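With mmCIF, C-alpha atoms inside, this is structure.cif:
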```cif
data_start
loop_
_atom_site.label_atom_id
_atom_site.label_comp_id
_atom_site.auth_asym_id
_atom_site.auth_seq_id
_atom_site.Cartn_x
_atom_site.Cartn_y
_atom_site.Cartn_z
CA MET A 31 -12.23 -2.65 -41.01
CA ASN A 32 -15.81 -3.87 -41.30
CA LYS A 33 -15.85 -7.32 -39.75
CA GLN A 34 -18.22 -9.82 -41.32
CA LYS A 35 -18.94 -13.08 -39.56
CA ILE A 36 -19.30 -15.11 -42.75
CA MET A 37 -18.36 -14.65 -46.40
CA ILE A 38 -19.50 -16.68 -49.38
CA MET A 39 -16.91 -16.39 -52.14
CA SER A 40 -16.67 -17.73 -55.67
CA LEU A 41 -13.17 -19.10 -56.06
CA GLY A 42 -10.84 -18.95 -59.05
CA GLY A 43 -8.53 -16.71 -61.02
CA SER A 44 -5.93 -14.41 -59.49
CA PRO A 45 -5.63 -14.70 -55.69
CA GLU A 46 -4.91 -11.00 -55.15
CA PRO A 47 -8.54 -9.74 -55.33
CA LEU A 48 -9.57 -12.45 -52.86
CA ILE A 49 -6.76 -11.46 -50.51
CA GLN A 50 -7.81 -7.81 -50.61
CA SER A 51 -11.46 -8.69 -49.98
CA LEU A 52 -10.63 -10.93 -47.02
CA LYS A 53 -8.27 -8.34 -45.51
CA THR A 54 -10.95 -5.70 -45.81
CA HIS A 55 -13.83 -7.69 -44.33
CA VAL A 56 -11.98 -10.09 -41.93
CA PRO A 57 -14.59 -12.88 -41.83
CA GLU A 58 -14.62 -15.51 -39.13
CA ARG A 59 -15.66 -18.17 -41.65
CA VAL A 60 -15.60 -18.45 -45.45
CA VAL A 61 -17.74 -20.75 -47.57
CA PHE A 62 -16.07 -21.10 -50.96
CA LEU A 63 -17.89 -21.93 -54.18
CA ALA A 64 -15.05 -23.72 -55.93
CA SER A 65 -14.19 -25.96 -58.86
CA HIS A 66 -11.90 -28.97 -58.64
CA ASP A 67 -9.12 -26.82 -60.16
CA SER A 68 -9.53 -23.87 -57.78
CA VAL A 69 -10.04 -25.73 -54.49
CA THR A 70 -6.33 -25.41 -53.57
CA LEU A 71 -6.25 -21.63 -54.08
CA PRO A 72 -7.17 -20.67 -50.45
CA GLY A 73 -3.83 -22.13 -49.30
CA ASP A 74 -1.99 -19.38 -51.21
CA VAL A 75 -4.54 -16.78 -50.15
CA PHE A 76 -4.43 -17.52 -46.42
CA LYS A 77 -0.63 -17.23 -46.37
CA GLN A 78 -1.06 -13.51 -47.08
CA LEU A 79 -3.42 -12.92 -44.13
CA ASP A 80 -2.61 -12.15 -40.51
CA PHE A 81 -5.66 -14.16 -39.47
CA LYS A 82 -7.07 -17.49 -40.59
CA PRO A 83 -10.81 -17.88 -41.11
CA VAL A 84 -12.48 -21.27 -40.99
CA ALA A 85 -12.84 -22.47 -44.59
CA GLU A 86 -15.57 -24.66 -46.02
CA PHE A 87 -16.08 -25.71 -49.63
CA GLU A 88 -18.82 -26.60 -52.07
CA ILE A 89 -17.48 -27.99 -55.34
CA THR A 90 -19.20 -27.58 -58.68
CA GLU A 91 -18.72 -30.57 -60.94
CA ASP A 92 -18.42 -28.33 -63.98
CA PRO A 93 -17.54 -24.60 -63.56
CA ASN A 94 -18.85 -23.89 -67.07
CA LEU A 95 -22.34 -25.34 -66.65
CA MET A 96 -24.85 -22.92 -65.11
CA PHE A 97 -27.08 -25.53 -63.48
CA GLU A 98 -24.16 -27.35 -61.84
CA CYS A 99 -22.78 -24.06 -60.50
CA TYR A 100 -26.22 -22.94 -59.34
CA LYS A 101 -26.74 -26.16 -57.36
CA ALA A 102 -23.35 -25.78 -55.71
CA ALA A 103 -24.11 -22.12 -54.90
CA HIS A 104 -27.33 -23.18 -53.20
CA ARG A 105 -25.40 -25.71 -51.16
CA CYS A 106 -23.28 -22.78 -49.96
CA LEU A 107 -26.47 -21.05 -48.83
CA ASP A 108 -27.62 -24.21 -47.06
CA ARG A 109 -24.38 -24.27 -45.09
CA VAL A 110 -24.78 -20.63 -44.09
CA ARG A 111 -28.41 -21.07 -43.05
CA ARG A 112 -27.51 -23.98 -40.81
CA MET A 113 -25.09 -21.67 -38.98
CA GLY A 114 -28.03 -19.51 -37.85
CA VAL A 115 -26.29 -16.25 -38.69
CA SER A 116 -28.23 -13.04 -39.37
CA SER A 117 -28.44 -12.03 -43.03
CA ASP A 118 -26.79 -8.73 -42.13
CA ASP A 119 -23.68 -10.64 -41.03
CA ILE A 120 -23.19 -12.40 -44.37
CA MET A 121 -21.26 -10.98 -47.32
CA VAL A 122 -21.26 -12.49 -50.79
CA ASP A 123 -18.14 -11.83 -52.87
CA TYR A 124 -18.63 -12.79 -56.50
CA THR A 125 -15.23 -11.70 -57.79
CA GLY A 126 -13.49 -15.03 -58.41
CA GLY A 127 -14.26 -18.09 -60.49
CA THR A 128 -15.57 -18.51 -64.00
CA LYS A 129 -18.20 -16.15 -65.37
CA VAL A 130 -20.71 -18.98 -65.00
CA MET A 131 -19.80 -19.48 -61.33
CA THR A 132 -20.15 -15.75 -60.70
CA ALA A 133 -23.56 -15.62 -62.42
CA ALA A 134 -24.77 -18.70 -60.53
CA LEU A 135 -23.73 -17.25 -57.18
CA ILE A 136 -25.53 -13.98 -57.93
CA LEU A 137 -28.70 -15.81 -59.01
CA ALA A 138 -28.67 -17.99 -55.90
CA THR A 139 -28.13 -15.15 -53.43
CA ALA A 140 -29.79 -12.08 -54.95
CA GLY A 141 -33.12 -12.71 -53.25
CA TYR A 142 -31.57 -12.59 -49.77
CA HIS A 143 -30.79 -9.63 -47.56
CA TYR A 144 -27.06 -10.24 -47.75
CA ARG A 145 -24.27 -7.75 -48.38
CA PHE A 146 -22.47 -8.01 -51.71
CA ASN A 147 -18.94 -7.21 -52.78
CA TYR A 148 -17.01 -7.19 -56.02
CA VAL A 149 -13.28 -6.48 -56.37
CA GLY A 150 -12.52 -4.45 -59.48
CA GLY A 151 -9.78 -1.96 -60.19
CA ASP A 152 -8.70 1.14 -62.01
CA ARG A 153 -5.91 -0.57 -64.01
CA ARG A 154 -5.99 -3.83 -65.98
CA ASN A 155 -3.48 -5.70 -68.12
CA LYS A 156 -3.94 -6.56 -71.81
CA ASP A 157 -4.49 -2.92 -72.73
CA GLY A 158 -7.21 -2.44 -70.13
CA VAL A 159 -9.36 -5.48 -70.96
CA GLY A 160 -7.63 -8.16 -68.90
CA THR A 161 -7.47 -8.82 -65.18
CA VAL A 162 -6.88 -6.15 -62.54
CA ILE A 163 -3.18 -5.41 -62.02
CA ASP A 164 -1.97 -6.34 -58.53
CA GLY A 165 -2.06 -3.36 -56.21
CA HIS A 166 -4.84 -1.62 -58.10
CA GLU A 167 -7.77 -3.54 -56.64
CA LYS A 168 -10.85 -1.59 -55.62
CA MET A 169 -13.83 -2.72 -53.53
CA PHE A 170 -17.31 -2.22 -54.96
CA ALA A 171 -19.43 -3.06 -51.93
CA GLU A 172 -22.39 -1.13 -53.33
CA MET A 173 -22.64 -3.46 -56.35
CA SER A 174 -25.54 -5.51 -55.01
CA PRO A 175 -27.38 -7.35 -57.78
CA TRP A 176 -30.57 -6.79 -55.81
CA SER A 177 -31.16 -3.52 -57.66
CA ILE A 178 -31.68 -5.51 -60.84
CA PHE A 179 -33.98 -8.02 -59.20
CA ALA A 180 -35.90 -5.23 -57.50
CA GLU A 181 -37.10 -4.05 -60.91
CA GLU A 182 -38.43 -7.54 -61.58
CA GLU A 183 -40.20 -7.45 -58.21
CA ARG A 184 -41.74 -4.12 -59.20
CA ARG A 185 -43.03 -5.63 -62.44
CA GLN A 186 -44.52 -8.53 -60.51
CA VAL A 187 -46.20 -6.07 -58.12
CA ILE A 188 -47.82 -4.33 -61.09
CA THR A 189 -49.12 -7.63 -62.51
CA LEU A 190 -50.58 -8.75 -59.17
CA PHE A 191 -52.07 -5.33 -58.42
CA ASN A 192 -53.91 -5.33 -61.73
CA ARG A 193 -55.27 -8.80 -60.97
CA ARG A 194 -56.57 -7.49 -57.63
CA ARG A 195 -54.16 -9.74 -55.70
CA PHE A 196 -53.56 -6.99 -53.18
CA GLY A 197 -52.49 -9.27 -50.35
CA ALA A 198 -49.75 -10.73 -52.54
CA VAL A 199 -48.65 -7.20 -53.50
CA LEU A 200 -48.20 -6.33 -49.84
CA GLU A 201 -46.28 -9.55 -49.18
CA ILE A 202 -43.80 -8.80 -51.97
CA ILE A 203 -43.25 -5.23 -50.82
CA GLU A 204 -42.81 -6.39 -47.22
CA SER A 205 -40.20 -8.91 -48.38
CA CYS A 206 -38.23 -6.08 -50.01
CA ALA A 207 -37.05 -4.73 -46.65
CA ARG A 208 -33.53 -4.15 -47.94
CA GLU A 209 -31.57 -1.57 -49.88
CA LEU A 210 -33.58 -0.64 -52.96
CA PRO A 211 -32.87 1.76 -55.81
CA LEU A 212 -34.35 5.07 -54.70
CA GLN A 213 -36.97 5.24 -57.44
CA ILE A 214 -38.29 1.74 -56.69
CA GLU A 215 -38.29 2.46 -52.96
CA GLN A 216 -40.41 5.58 -53.54
CA TYR A 217 -42.61 3.68 -55.99
CA PHE A 218 -43.38 1.03 -53.37
CA ARG A 219 -43.99 3.84 -50.87
CA PHE A 220 -47.24 4.80 -52.64
CA VAL A 221 -48.20 1.38 -54.03
CA ARG A 222 -48.18 -0.20 -50.57
CA PRO A 223 -50.91 1.97 -48.96
CA VAL A 224 -52.95 2.04 -52.18
CA ALA A 225 -52.91 -1.77 -52.36
CA ALA A 226 -53.78 -1.95 -48.66
CA GLY A 227 -56.67 0.47 -49.25
CA PHE A 228 -58.17 -1.65 -51.99
CA LEU A 229 -57.64 -4.80 -49.93
CA PHE A 230 -59.58 -3.29 -47.02
CA TRP A 231 -62.27 -2.18 -49.46
CA GLU A 232 -62.63 -5.75 -50.75
CA GLN A 233 -63.14 -6.73 -47.11
CA PHE A 234 -65.84 -4.01 -46.74
CA ASN A 235 -63.74 -2.10 -44.22
CA HIS A 236 -64.57 1.20 -45.89
CA LYS A 237 -63.27 3.67 -43.32
CA THR A 238 -59.83 2.05 -43.12
CA ALA A 239 -59.76 1.71 -46.90
CA PHE A 240 -60.33 5.45 -47.28
CA LYS A 241 -57.50 6.29 -44.88
CA ARG A 242 -55.05 3.98 -46.69
CA LEU A 243 -55.94 5.35 -50.11
CA GLU A 244 -55.60 8.87 -48.80
CA LYS A 245 -52.11 8.06 -47.52
CA GLY A 246 -51.24 6.42 -50.83
CA LEU A 247 -52.33 9.44 -52.85
CA LEU A 248 -50.12 11.74 -50.78
CA ALA A 249 -47.14 9.44 -51.37
CA LEU A 250 -48.01 9.29 -55.08
CA GLU A 251 -48.00 13.08 -55.28
CA GLU A 252 -44.48 13.10 -53.84
CA TYR A 253 -43.39 10.43 -56.32
CA LEU A 254 -44.78 12.42 -59.26
CA LYS A 255 -42.83 15.49 -58.17
CA ALA A 256 -39.61 13.51 -58.45
CA TYR A 257 -40.61 11.33 -61.40
CA PRO A 258 -43.32 12.99 -63.52
CA ALA A 259 -45.32 10.43 -65.47
CA GLY A 260 -48.54 11.05 -67.38
CA ASP A 261 -49.86 7.52 -66.99
CA LEU A 262 -49.43 7.69 -63.20
CA LYS A 263 -51.25 11.03 -63.15
CA GLU A 264 -54.22 9.28 -64.75
CA PHE A 265 -53.89 6.48 -62.20
CA SER A 266 -53.92 9.11 -59.43
CA ASP A 267 -57.14 10.61 -60.82
CA GLN A 268 -58.76 7.17 -60.88
CA VAL A 269 -57.76 6.47 -57.27
CA GLN A 270 -59.26 9.85 -56.33
CA GLY A 271 -62.49 8.80 -58.05
CA CYS A 272 -62.55 5.63 -55.97
CA MET A 273 -62.00 7.69 -52.82
CA ASP A 274 -64.94 9.89 -53.76
CA PHE A 275 -67.16 6.82 -53.89
CA LEU A 276 -65.74 5.55 -50.59
CA ASN A 277 -66.39 8.93 -49.02
CA ARG A 278 -69.99 8.73 -50.24
CA ILE A 279 -70.34 5.30 -48.61
CA VAL A 280 -69.01 6.53 -45.28
CA LYS A 281 -71.11 9.71 -45.39
CA ASP A 282 -74.41 8.17 -46.56
CA THR A 283 -74.19 5.32 -44.03
CA HIS A 284 -73.27 7.70 -41.17
CA ASN A 285 -69.90 5.98 -40.68
CA MET A 286 -71.42 2.55 -41.33
CA ARG A 287 -74.09 2.95 -38.65
CA ARG A 288 -77.11 2.73 -40.95
CA MET A 289 -78.10 0.99 -44.16
CA ASN A 290 -78.14 2.91 -47.40
CA PHE A 291 -78.61 2.14 -51.08
CA VAL A 292 -74.97 3.03 -51.76
CA LEU A 293 -74.03 -0.28 -50.09
CA VAL A 294 -76.14 -2.12 -52.68
CA GLU A 295 -74.04 -0.46 -55.37
CA ASP A 296 -70.86 -1.39 -53.55
CA LEU A 297 -71.90 -5.03 -53.16
CA LEU A 298 -72.68 -5.36 -56.85
CA ASN A 299 -69.38 -3.73 -57.81
CA ASN A 300 -67.63 -6.15 -55.49
CA ALA A 301 -69.53 -9.04 -57.06
CA GLY A 302 -68.49 -7.86 -60.51
CA ARG A 303 -64.84 -8.06 -59.49
CA ARG A 304 -65.36 -11.56 -58.11
CA ILE A 305 -66.84 -12.59 -61.46
CA MET A 306 -63.79 -11.22 -63.28
CA ASP A 307 -61.66 -13.28 -60.90
CA LYS A 308 -63.75 -16.40 -61.73
CA ARG A 309 -64.88 -16.68 -58.11
CA PHE A 310 -68.49 -17.33 -58.94
CA ASP A 311 -69.67 -18.64 -55.56
CA ASP A 312 -68.23 -15.59 -53.81
CA ALA A 313 -69.99 -13.39 -56.37
CA THR A 314 -73.32 -15.17 -55.77
CA ALA A 315 -73.15 -14.51 -52.04
CA ARG A 316 -72.59 -10.80 -52.68
CA ILE A 317 -75.34 -10.53 -55.29
CA TYR A 318 -77.86 -12.23 -53.01
CA ARG A 319 -76.84 -9.92 -50.18
CA ALA A 320 -77.30 -6.91 -52.50
CA LEU A 321 -80.87 -8.03 -53.26
CA GLU A 322 -81.56 -8.63 -49.56
CA LEU A 323 -80.04 -5.28 -48.57
CA TYR A 324 -82.09 -3.47 -51.21
CA GLY A 325 -85.21 -4.87 -49.58
CA GLN A 326 -83.98 -3.81 -46.13
CA VAL A 327 -83.26 -0.25 -47.28
CA CYS A 328 -86.70 0.05 -48.90
CA PHE A 329 -88.34 -1.43 -45.79
CA GLU A 330 -86.72 1.13 -43.50
CA GLU A 331 -87.87 3.94 -45.79
CA VAL A 332 -91.48 2.77 -45.45
CA ALA A 333 -91.67 1.31 -41.93
CA GLY A 334 -89.10 3.51 -40.18
CA CYS A 335 -87.42 0.51 -38.55
CA SER A 336 -85.27 -2.46 -39.41
CA ASN A 337 -86.94 -5.54 -40.91
CA GLY A 338 -85.19 -7.52 -38.18
CA LYS A 339 -87.12 -5.81 -35.36
CA VAL A 340 -90.67 -5.12 -36.49
CA LYS A 341 -93.63 -4.48 -34.23
CA ALA A 342 -96.64 -6.55 -35.24
CA GLU A 343 -98.90 -3.50 -35.52
CA LEU A 344 -96.72 -2.14 -38.36
CA ILE A 345 -97.64 -5.07 -40.57
CA PRO A 346 -100.68 -4.54 -42.84
CA GLU A 347 -103.70 -6.32 -41.40
CA LYS A 348 -104.09 -8.77 -44.27
CA LEU A 349 -100.53 -10.09 -43.59
CA ARG A 350 -100.33 -9.66 -39.85
CA ASP A 351 -101.58 -12.99 -38.52
CA GLU A 352 -99.47 -15.01 -40.94
CA PHE A 353 -96.35 -12.93 -40.27
CA VAL A 354 -96.76 -13.14 -36.50
CA ARG A 355 -97.18 -16.91 -36.76
CA LYS A 356 -94.09 -17.34 -38.97
CA TYR A 357 -91.67 -14.65 -37.93
CA CYS A 358 -92.37 -13.53 -34.38
CA ASP A 359 -89.66 -13.97 -31.74
CA PRO A 360 -91.41 -15.31 -28.61
CA GLY A 361 -88.96 -13.49 -26.36
CA SER A 362 -89.01 -9.98 -27.79
CA ARG A 363 -92.43 -10.25 -29.51
CA LEU A 364 -90.79 -8.58 -32.51
CA LEU A 365 -90.85 -9.90 -36.06
CA LYS A 366 -87.78 -10.75 -38.10
CA LEU A 367 -88.69 -10.77 -41.78
CA PRO A 368 -86.77 -12.78 -44.38
CA LEU A 369 -86.27 -11.62 -47.95
CA THR A 370 -89.58 -12.66 -49.51
CA ALA A 371 -91.62 -11.47 -46.54
CA THR A 372 -89.86 -8.09 -46.72
CA PHE A 373 -90.97 -7.64 -50.32
CA GLU A 374 -94.46 -8.91 -49.44
CA TYR A 375 -94.70 -6.09 -46.91
CA LEU A 376 -93.47 -3.56 -49.47
CA ASN A 377 -95.99 -4.82 -52.02
CA ALA A 378 -98.82 -4.56 -49.52
CA LYS A 379 -97.75 -0.97 -48.76
CA GLY A 380 -97.75 -0.08 -52.45
CA HIS A 381 -93.99 0.38 -52.71
CA ASP A 382 -92.60 -0.03 -56.22
CA ALA A 383 -89.90 -2.49 -55.06
CA GLY A 384 -92.56 -4.88 -53.76
CA LYS A 385 -94.56 -4.74 -56.97
CA LYS A 386 -91.45 -5.30 -59.10
CA TYR A 387 -90.40 -8.24 -56.94
CA PHE A 388 -93.62 -10.13 -57.52
CA ASP A 389 -93.76 -9.18 -61.18
CA ARG A 390 -90.34 -10.86 -61.55
CA GLN A 391 -90.74 -13.47 -58.85
CA GLU A 392 -89.86 -16.45 -61.03
CA GLU A 393 -86.58 -14.87 -62.15
CA LEU A 394 -85.69 -13.87 -58.62
CA LYS A 395 -86.54 -17.29 -57.20
CA LYS A 396 -83.84 -18.76 -59.43
CA ILE A 397 -81.34 -16.50 -57.69
CA THR A 398 -82.38 -17.80 -54.30
CA PHE A 399 -82.23 -21.37 -55.61
CA ASN A 400 -78.73 -20.95 -57.05
CA ARG A 401 -77.52 -19.23 -53.92
CA ASN A 402 -78.91 -22.02 -51.71
CA GLN A 403 -77.24 -24.67 -53.87
CA SER A 404 -73.86 -22.97 -53.48
CA ILE A 405 -71.37 -24.54 -51.08
CA LEU A 406 -71.15 -21.11 -49.41
CA ALA A 407 -74.84 -21.33 -48.48
CA HIS A 408 -76.62 -24.66 -47.99
CA GLY A 409 -75.53 -26.90 -50.86
CA ILE A 410 -72.45 -28.34 -52.50
CA ARG A 411 -72.91 -27.40 -56.16
CA PRO A 412 -70.59 -24.81 -57.74
CA ILE A 413 -72.08 -21.81 -59.51
CA THR A 414 -71.46 -21.83 -63.26
CA GLU A 415 -70.30 -18.83 -65.26
CA HIS A 416 -73.56 -18.84 -67.23
CA ALA A 417 -75.62 -18.84 -64.02
CA ILE A 418 -73.65 -16.04 -62.36
CA THR A 419 -73.87 -13.84 -65.46
CA SER A 420 -77.66 -14.24 -65.50
CA ILE A 421 -77.95 -13.65 -61.75
CA PHE A 422 -75.81 -10.53 -61.90
CA GLU A 423 -77.75 -9.01 -64.78
CA THR A 424 -81.13 -9.80 -63.19
CA VAL A 425 -80.35 -8.28 -59.80
CA SER A 426 -78.53 -5.25 -61.25
CA ASP A 427 -81.56 -4.50 -63.40
CA PHE A 428 -83.98 -5.11 -60.53
CA VAL A 429 -82.26 -2.72 -58.12
CA GLN A 430 -81.47 -0.33 -60.99
CA VAL A 431 -77.71 -0.22 -60.61
CA ARG A 432 -76.36 0.41 -64.09
CA ASP A 433 -73.16 2.37 -63.53
CA PHE A 434 -70.21 0.19 -62.55
CA PHE A 435 -66.59 1.08 -61.98
CA HIS A 436 -63.39 -0.91 -61.81
CA PHE A 437 -60.40 -0.47 -59.57
CA PRO A 438 -57.68 1.47 -61.44
CA ILE A 439 -55.00 -0.29 -63.44
CA LEU A 440 -51.44 0.39 -62.31
CA PRO A 441 -49.43 1.36 -65.41
#
```
Represent the supplied structure as structure tokens.
Amino acid sequence: MNKQKIMIMSLGGSPEPLIQSLKTHVPERVVFLASHDSVTLPGDVFKQLDFKPVAEFEITEDPNLMFECYKAAHRCLDRVRRMGVSSDDIMVDYTGGTKVMTAALILATAGYHYRFNYVGGDRRNKDGVGTVIDGHEKMFAEMSPWSIFAEEERRQVITLFNRRRFGAVLEIIESCARELPLQIEQYFRFVRPVAAGFLFWEQFNHKTAFKRLEKGLLALEEYLKAYPAGDLKEFSDQVQGCMDFLNRIVKDTHNMRRMNFVLVEDLLNNAGRRIMDKRFDDATARIYRALELYGQVCFEEVAGCSNGKVKAELIPEKLRDEFVRKYCDPGSRLLKLPLTATFEYLNAKGHDAGKKYFDRQEELKKITFNRNQSILAHGIRPITEHAITSIFETVSDFVQVRDFFHFPILP
């Protein structure tokens, strides 16, 4: 016999199925979901047992009203939780009671990692459509309603994934640490690392993102062998395309040890996703950083050093005295150039980025103004959708990033 510490049982109907369930599982304590009419039934049931569990009751005021039964079922759960028993030591038997009581108990408990049991049988009265004939009861311990709810969780995962709510996707999958239908279990097996990969990418942790996506693709290949699906094959190809871009980031930046124009592209793609999510202040911070990084990359190409550690003699003579006065660190005697000064240097050196910057200075100043007014910079004013659209288009055109991609949609 498989001893359970606690059982939650809906109560009503023939006592024989309840007797068989209790004899099989031998609980120490039973919490009954009962009606006023069925509350006396355990007296007849316990007479047939060679042990006597502690009995507690929650009474539904109306066994034919779903909401009343659902509230009473939740009170059963409250009792069990106060006992401090592990979920693995709780069995829910939804055999007895009205159909409404049974449905309410399933709805109240299906989201928990409990064990479930239903007593059916191979012979029934009324020409096979009535109740189970005594002596022909059969346990159906595998009949957990969680398999039905797991499909709803899978649908929710798809919705959240396609809204780029990758953290929420991982939380849902983590919460499903219970018996799942095999196909959903294998589905989550590839979705989990793919979602983690895109989450790390959103956090600019490119190397870890690549590893997670790589793991996810391998799991997806295994899933497709068991469950071929054309739409998931297309999804797989799109994830591979994202990995190719990630690989380019890691390679061109020497494992994120040096700046490269590919990071400008990545920042603007990231900003585009923040705009789709209506997170305009976050997008502004990324767009401004893309403009700043573009200047840094161009500066290193010309000067051969970072614009944060510049020797004074590298500055063109006509700018040198002013730059030393404004930007020199007294300790290191090196110059740290801000955005406008970086483009001034590039303009003085005849670089196209410097010329373009001052040709479009008024447009670009608006970007700096809007960024500074943002609560994420120095101000307290929110960025409007109109402003962020203009900022995004201006900077994308200025740095000549015209090809954008979106994270794949999970079918």
Polymer residues at most 10 Å from region 70-86 of chain A, all atoms listed in the file, same-chain spacing of 6 or more positions, as an mmCIF file with C-alpha atoms, keeping the file's coordinate frame:
```cif
data_model
loop_
_atom_site.group_PDB
_atom_site.id
_atom_site.type_symbol
_atom_site.label_atom_id
_atom_site.label_comp_id
_atom_site.auth_asym_id
_atom_site.auth_seq_id
_atom_site.Cartn_x
_atom_site.Cartn_y
_atom_site.Cartn_z
ATOM 1 C CA LYS A 35 -18.940 -13.080 -39.560
ATOM 2 C CA ILE A 36 -19.300 -15.110 -42.750
ATOM 3 C CA MET A 37 -18.360 -14.650 -46.400
ATOM 4 C CA ILE A 38 -19.500 -16.680 -49.380
ATOM 5 C CA LEU A 41 -13.170 -19.100 -56.060
ATOM 6 C CA GLY A 42 -10.840 -18.950 -59.050
ATOM 7 C CA GLY A 43 -8.530 -16.710 -61.020
ATOM 8 C CA SER A 44 -5.930 -14.410 -59.490
ATOM 9 C CA PRO A 45 -5.630 -14.700 -55.690
ATOM 10 C CA GLU A 46 -4.910 -11.000 -55.150
ATOM 11 C CA PRO A 47 -8.540 -9.740 -55.330
ATOM 12 C CA LEU A 48 -9.570 -12.450 -52.860
ATOM 13 C CA ILE A 49 -6.760 -11.460 -50.510
ATOM 14 C CA GLN A 50 -7.810 -7.810 -50.610
ATOM 15 C CA LEU A 52 -10.630 -10.930 -47.020
ATOM 16 C CA LYS A 53 -8.270 -8.340 -45.510
ATOM 17 C CA VAL A 56 -11.980 -10.090 -41.930
ATOM 18 C CA PRO A 57 -14.590 -12.880 -41.830
ATOM 19 C CA GLU A 58 -14.620 -15.510 -39.130
ATOM 20 C CA ARG A 59 -15.660 -18.170 -41.650
ATOM 21 C CA VAL A 60 -15.600 -18.450 -45.450
ATOM 22 C CA VAL A 61 -17.740 -20.750 -47.570
ATOM 23 C CA PHE A 62 -16.070 -21.100 -50.960
ATOM 24 C CA LEU A 63 -17.890 -21.930 -54.180
ATOM 25 C CA ALA A 64 -15.050 -23.720 -55.930
ATOM 26 C CA CYS A 106 -23.280 -22.780 -49.960
ATOM 27 C CA ARG A 109 -24.380 -24.270 -45.090
#
```
Carefully work through the PyMOL selection byres ((chain A and resi 220) around 9) for this structure and note down the residues it includes, as a list in words. Gln216, Tyr217, Phe218, Arg219, Val221, Arg222, Pro223, Val224, Ala225, Lys245, Gly246, Leu247, Leu248, Ala249, Leu250, Glu251, Glu252 and Tyr253 of chain A
Need the shell around Lys237 (chain A): protein/DNA/RNA residues with any atom at most 8 Å away, counting all atoms listed in the file. Skip same-chain ones fewer than 4 positions apart. Format as a PyMOL selection string? chain A and resi 241+276+280+285
For the residues in the current selection, export C-alpha atoms as an mmCIF file, keeping the file's coordinate frame.
```cif
data_model
loop_
_atom_site.group_PDB
_atom_site.id
_atom_site.type_symbol
_atom_site.label_atom_id
_atom_site.label_comp_id
_atom_site.auth_asym_id
_atom_site.auth_seq_id
_atom_site.Cartn_x
_atom_site.Cartn_y
_atom_site.Cartn_z
ATOM 1 C CA LYS A 241 -57.500 6.290 -44.880
ATOM 2 C CA LEU A 276 -65.740 5.550 -50.590
ATOM 3 C CA VAL A 280 -69.010 6.530 -45.280
ATOM 4 C CA ASN A 285 -69.900 5.980 -40.680
#
```
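The residues returned by the PyMOL selection byres ((chain A and resi 314-326) around 7) on the shown structure are Phe291, Val294, Leu297, Leu298, Ala301, Phe310, Asp311, Asp312, Ala313, Val327, Cys328, Phe329, Glu330, Ser336, Asn337, Leu369, Thr372, Phe373, Arg401, Ile418, Phe422, Val425 and Val429 of chain A.
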Since I can't run it myself right now, could you work out what the PyMOL selection byres ((chain A and resi 434-437) around 10) selects here and report it as a PyMOL selection string? chain A and resi 191-194+228+265+268-269+271-272+275+295-296+298-300+302-303+431-433+438-440
Residue with the minimum atom-to-atom distance to Val187 (chain A), picked from A:Met286, A:Arg309, A:Gly114, A:Cys206 with only C-alpha atoms counted, is A:Cys206
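Residue nearest Ala198 (chain A) within the list A:Ala226, A:Leu349, A:Met113, A:Ala407: A:Ala226 [criterion: smallest interatomic distance, only C-alpha atoms].
Nearest-residue note for Lys396 (chain A): choosing from A:Leu376, A:Met289, A:Leu254, A:Ile421, the minimum distance belongs to A:Ile421, counting all atoms listed in the file.
With all atoms listed in the file as the atoms that count, the minimum distance from Val115 (chain A) to the choices A:His143, A:Lys366, A:Arg304, A:Lys356 is reached by A:His143.
The coordinates place CA of Asn235 (chain A) at 23.3 Å from CA of Ile188 (chain A).
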CA of Leu190 (chain A) to CA of Ser205 (chain A), straight-line distance in Å: 15.0 Å
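Distances to Gln213 (chain A) were evaluated for A:Asp359, A:Glu181, A:Lys348, A:Ala333 using all atoms listed in the file, and the minimum falls at A:Glu181.
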Students should find that CA of Met121 (chain A) and CA of Lys101 (chain A) are spaced 19.0 Å
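Minimum atom-to-atom distances from A:Gly197, A:Pro441, A:Gly384, A:Gly334 to Phe230 (chain A) were compared using all atoms listed in the file, and the lowest value belongs to A:Gly197.
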